[in-house]
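Report on the following structure.
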Amino acid sequence: MKGIKTIILFLALFLAFPGLSPADEGAIYDPGELKPIDSEIKVEEGDEAIDFTLPAVDGEEITLSQYRGEKNVMLSFVPAAWTPVCSDQWPGYNIARHFFDDNDTIILGITTDNVPSLYSWIRAMGGLWFPVLSDFWPHGEVAEKYGILRGDGVSERATIIVDKEGIIRFAHVEDINRRPPLEMLVEALEKLP
């Protein structure tokens, strides 16, 4: 049954999510093909997650450890607001929300963009169910601690899954030019204790 659920989620993510409206598509900046990976990750599976506090778009401050004992956390680092792959990746998680709920997992979306830019971008995407955090100042500090800050000041497209005990159970840096495969995330979350 989980295999069928994965296929359905995969198809829904890539075929059905609304993304940005046609009117907003001209607002998307296309940086062209970028160097796939431009950093060296500093964390690995089995490490205790590095705690942090960042401002969220809704005005709150979110601390990673506030979820300890309560929820698994998927840290979804994306390079930049208003770019094609990022504007495609996060809205897809809206369709897959029930999967994250079923696995008792919250997503924390993180970029090095400032809050006003993120606010406008999220509204243009129709909203997201998970908190979006700004690693803008000190610039890229959290991405740097995790070893995923690129030389141009944006983060890698990285996914780090932290279990309820604060231990990293999955760490992956994807080619910045592509979305992380949903089936890979599904498998990682289903392996959580």
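By convention in this document, the chains of the structure tokens carry letters A, B, ... by their order, each chain's residues are numbered from 1, and ligands are numbered from 1 in the order they are shown.
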Residues within 9 Å of A:Asp58, please, as a short mmCIF file (atom, residue, chain, number, x, y, z; two decimals) with N, CA, C and O atoms, in the first residue's frame. Count only C-alpha atoms; anything in the same chain fewer than 6 positions from it doesn't count.
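Output (out30.cif):
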data_model
loop_
_atom_site.label_atom_id
_atom_site.label_comp_id
_atom_site.auth_asym_id
_atom_site.auth_seq_id
_atom_site.Cartn_x
_atom_site.Cartn_y
_atom_site.Cartn_z
N VAL A 115 12.81 38.48 4.90
CA VAL A 115 11.39 38.22 5.19
C VAL A 115 10.45 38.91 4.20
O VAL A 115 9.51 38.26 3.70
N TYR A 119 7.76 36.84 2.07
CA TYR A 119 6.33 37.09 2.26
C TYR A 119 5.63 37.22 0.90
O TYR A 119 4.61 36.58 0.64
N PRO A 131 5.99 26.55 8.15
CA PRO A 131 6.72 27.81 8.37
C PRO A 131 7.87 27.98 7.37
O PRO A 131 8.58 27.02 7.06
N VAL A 132 8.03 29.20 6.91
CA VAL A 132 9.16 29.55 6.06
C VAL A 132 10.03 30.52 6.84
O VAL A 132 9.55 31.52 7.37
#
- Query: Residues of stretch 46-187 of chain A in strand (DSSP E) according to DSSP, as an MDAnalysis selection string?
  - Reply: chainID A and resid 53:55 61:63 72:77 105:111 132:134 157:162 168:174
- Item | Surrounding residues of A:Pro138 excluding itself and chain neighbours under 3 positions, 12 Å, only C-alpha atoms, as a list in words |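 Non-adjacent residues within range: Thr53, Leu54, Pro55, Thr112, Asp113, Asn114, Ser134, Asp135, Glu141, Val142, Ala143, Glu144, Lys145 and Gly153 of chain A.
Residues in contact with stretch 43-46 of chain A at up to 10 Å, not including ones fewer than 6 positions away on its chain and judged by only C-alpha atoms, are Lys145, Tyr146, Gly147, Ile148, Ile160, Ile161, Val162, Gly166, Ile167, Ile168, Arg169, Phe170, Ala171 and His172 of chain A.
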- To one decimal place, how far is atom CA of A:Lys42 from atom CA of A:Leu149 in Å?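 Value for the atom CA of A:Lys42-atom CA of A:Leu149 distance: 10.5 Å.
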Would you list the contacts of stretch 177-193 of chain A as a PDB file with N, CA, C and O atoms, in the first residue's frame, taking every protein, DNA or RNA residue within 7 Å and counting only C-alpha atoms, but skipping same-chain residues closer than 2 positions in sequence?
ATOM      1  N   THR A   6       3.034   6.235  -2.515  1.00  0.00           N
ATOM      2  CA  THR A   6       4.190   6.975  -3.007  1.00  0.00           C
ATOM      3  C   THR A   6       3.986   7.391  -4.457  1.00  0.00           C
ATOM      4  O   THR A   6       4.253   8.532  -4.833  1.00  0.00           O
ATOM      5  N   PHE A  10       3.731  11.141  -5.808  1.00  0.00           N
ATOM      6  CA  PHE A  10       4.687  11.570  -6.823  1.00  0.00           C
ATOM      7  C   PHE A  10       3.959  12.203  -8.003  1.00  0.00           C
ATOM      8  O   PHE A  10       4.309  13.287  -8.462  1.00  0.00           O
ATOM      9  N   GLU A  33      21.524  27.402 -15.840  1.00  0.00           N
ATOM     10  CA  GLU A  33      22.135  26.222 -15.226  1.00  0.00           C
ATOM     11  C   GLU A  33      23.249  26.660 -14.271  1.00  0.00           C
ATOM     12  O   GLU A  33      24.101  27.466 -14.620  1.00  0.00           O
ATOM     13  N   LEU A  34      23.211  26.135 -13.062  1.00  0.00           N
ATOM     14  CA  LEU A  34      24.201  26.486 -12.036  1.00  0.00           C
ATOM     15  C   LEU A  34      25.059  25.272 -11.704  1.00  0.00           C
ATOM     16  O   LEU A  34      24.661  24.133 -11.951  1.00  0.00           O
ATOM     17  N   PRO A  36      26.106  22.262  -9.932  1.00  0.00           N
ATOM     18  CA  PRO A  36      25.187  21.421  -9.166  1.00  0.00           C
ATOM     19  C   PRO A  36      25.342  21.517  -7.643  1.00  0.00           C
ATOM     20  O   PRO A  36      24.372  21.706  -6.933  1.00  0.00           O
ATOM     21  N   VAL A  85      12.927  26.503  -9.904  1.00  0.00           N
ATOM     22  CA  VAL A  85      12.864  25.223  -9.201  1.00  0.00           C
ATOM     23  C   VAL A  85      12.320  25.410  -7.787  1.00  0.00           C
ATOM     24  O   VAL A  85      11.488  24.632  -7.318  1.00  0.00           O
ATOM     25  N   GLN A  89       9.134  23.596  -6.120  1.00  0.00           N
ATOM     26  CA  GLN A  89       9.346  22.587  -5.078  1.00  0.00           C
ATOM     27  C   GLN A  89       8.395  22.739  -3.895  1.00  0.00           C
ATOM     28  O   GLN A  89       7.681  21.801  -3.544  1.00  0.00           O
ATOM     29  N   ASN A 103       3.259  11.000   8.899  1.00  0.00           N
ATOM     30  CA  ASN A 103       4.567  10.641   9.461  1.00  0.00           C
ATOM     31  C   ASN A 103       4.988  11.598  10.569  1.00  0.00           C
ATOM     32  O   ASN A 103       6.170  11.657  10.922  1.00  0.00           O
ATOM     33  N   ASP A 163      14.804  13.577  13.664  1.00  0.00           N
ATOM     34  CA  ASP A 163      13.746  12.850  14.373  1.00  0.00           C
ATOM     35  C   ASP A 163      13.329  13.587  15.645  1.00  0.00           C
ATOM     36  O   ASP A 163      13.884  14.638  15.980  1.00  0.00           O
ATOM     37  N   PHE A 170      18.502  11.741   8.076  1.00  0.00           N
ATOM     38  CA  PHE A 170      18.648  11.794   6.624  1.00  0.00           C
ATOM     39  C   PHE A 170      19.251  13.154   6.282  1.00  0.00           C
ATOM     40  O   PHE A 170      18.806  14.175   6.812  1.00  0.00           O
ATOM     41  N   GLU A 174      20.873  18.063  -3.027  1.00  0.00           N
ATOM     42  CA  GLU A 174      20.449  17.787  -4.405  1.00  0.00           C
ATOM     43  C   GLU A 174      21.139  18.767  -5.348  1.00  0.00           C
ATOM     44  O   GLU A 174      21.504  19.878  -4.946  1.00  0.00           O
ATOM     45  N   ASP A 175      21.298  18.381  -6.584  1.00  0.00           N
ATOM     46  CA  ASP A 175      21.736  19.299  -7.635  1.00  0.00           C
ATOM     47  C   ASP A 175      20.835  20.531  -7.551  1.00  0.00           C
ATOM     48  O   ASP A 175      19.611  20.417  -7.562  1.00  0.00           O
TER      49      ASP A 175
END
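Here atom CA of A:Pro79 stands at a distance of 22.1 Å from atom CA of A:Phe100.
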- Find, counting only C-alpha atoms, the residue in A:Arg150, A:Leu128, A:Glu60, A:Glu48 that gets nearest to A:Ala96.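 With only C-alpha atoms as the atom set, the closest residue is A:Leu128.
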- Taking the chain letters and numbering used in this document, name the residues of stretch 29-124 of chain A that DSSP puts in helix (DSSP H, G or I), as a PyMOL selection string. chain A and resi 64-67+84-95+97-102+115-124
Could the residues in this selection be saved with N, CA and C atoms as a compact mmCIF listing (two decimals), in the first residue's frame?
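Resulting contents of result.txt:
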# COMPACT_ATOMS: atom_id res chain seq x y z
N LEU A 64 14.55 25.23 16.20
CA LEU A 64 14.47 23.82 15.83
C LEU A 64 14.12 22.95 17.04
N SER A 65 14.76 23.19 18.16
CA SER A 65 14.56 22.32 19.33
C SER A 65 13.17 22.43 19.94
N GLN A 66 12.36 23.41 19.52
CA GLN A 66 11.00 23.51 20.07
C GLN A 66 10.15 22.31 19.65
N TYR A 67 10.58 21.58 18.62
CA TYR A 67 9.84 20.41 18.16
C TYR A 67 10.31 19.11 18.80
N PRO A 84 12.80 29.42 -10.58
CA PRO A 84 11.90 28.38 -11.08
C PRO A 84 11.81 27.11 -10.25
N VAL A 85 12.93 26.50 -9.90
CA VAL A 85 12.86 25.22 -9.20
C VAL A 85 12.32 25.41 -7.79
N CYS A 86 12.74 26.46 -7.11
CA CYS A 86 12.25 26.73 -5.75
C CYS A 86 10.75 27.03 -5.77
N SER A 87 10.29 27.76 -6.78
CA SER A 87 8.88 28.11 -6.89
C SER A 87 8.04 26.91 -7.29
N ASP A 88 8.68 25.84 -7.67
CA ASP A 88 8.03 24.60 -8.05
C ASP A 88 8.05 23.60 -6.88
N GLN A 89 9.13 23.60 -6.12
CA GLN A 89 9.35 22.59 -5.08
C GLN A 89 8.40 22.74 -3.89
N TRP A 90 8.38 23.89 -3.25
CA TRP A 90 7.60 24.04 -2.03
C TRP A 90 6.09 23.95 -2.22
N PRO A 91 5.50 24.52 -3.28
CA PRO A 91 4.05 24.34 -3.45
C PRO A 91 3.65 22.88 -3.59
N GLY A 92 4.55 22.06 -4.12
CA GLY A 92 4.26 20.63 -4.24
C GLY A 92 4.06 19.97 -2.88
N TYR A 93 4.71 20.50 -1.86
CA TYR A 93 4.55 19.93 -0.51
C TYR A 93 3.17 20.22 0.05
N ASN A 94 2.46 21.22 -0.50
CA ASN A 94 1.08 21.45 -0.08
C ASN A 94 0.21 20.24 -0.43
N ILE A 95 0.40 19.69 -1.63
CA ILE A 95 -0.38 18.52 -2.05
C ILE A 95 0.00 17.30 -1.22
N ARG A 97 0.91 17.25 1.86
CA ARG A 97 0.81 17.53 3.30
C ARG A 97 0.34 16.33 4.10
N HIS A 98 -0.65 15.62 3.62
CA HIS A 98 -1.17 14.48 4.38
C HIS A 98 -0.08 13.43 4.63
N PHE A 99 0.86 13.31 3.71
CA PHE A 99 1.94 12.36 3.92
C PHE A 99 2.83 12.80 5.09
N PHE A 100 3.14 14.09 5.15
CA PHE A 100 3.96 14.59 6.25
C PHE A 100 3.19 14.46 7.57
N ASP A 101 1.89 14.77 7.54
CA ASP A 101 1.06 14.61 8.74
C ASP A 101 1.04 13.15 9.19
N ASP A 102 0.89 12.22 8.24
CA ASP A 102 0.86 10.78 8.57
C ASP A 102 2.16 10.33 9.22
N VAL A 115 12.81 38.48 4.90
CA VAL A 115 11.39 38.22 5.19
C VAL A 115 10.45 38.91 4.20
N PRO A 116 10.63 40.20 3.86
CA PRO A 116 9.69 40.81 2.92
C PRO A 116 9.64 40.10 1.56
N SER A 117 10.77 39.69 1.05
CA SER A 117 10.80 38.95 -0.23
C SER A 117 10.07 37.61 -0.09
N LEU A 118 10.34 36.92 1.01
CA LEU A 118 9.69 35.63 1.24
C LEU A 118 8.18 35.79 1.39
N TYR A 119 7.76 36.84 2.07
CA TYR A 119 6.33 37.09 2.26
C TYR A 119 5.63 37.22 0.90
N SER A 120 6.17 38.04 0.03
CA SER A 120 5.57 38.25 -1.30
C SER A 120 5.59 36.97 -2.13
N TRP A 121 6.68 36.25 -2.07
CA TRP A 121 6.83 35.02 -2.85
C TRP A 121 5.81 33.97 -2.40
N ILE A 122 5.66 33.78 -1.10
CA ILE A 122 4.73 32.78 -0.58
C ILE A 122 3.29 33.15 -0.95
N ARG A 123 2.96 34.42 -0.86
CA ARG A 123 1.61 34.85 -1.27
C ARG A 123 1.38 34.57 -2.75
N ALA A 124 2.39 34.81 -3.58
CA ALA A 124 2.25 34.55 -5.01
C ALA A 124 2.06 33.07 -5.30
- Query: So, counting only C-alpha atoms, which residue among A:Val73, A:Ala80, A:Thr105, A:Tyr29 is closest to A:Ala49?
  - Reply: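 Checking each of A:Val73, A:Ala80, A:Thr105, A:Tyr29 against A:Ala49, counting only C-alpha atoms, the winner is A:Val73.
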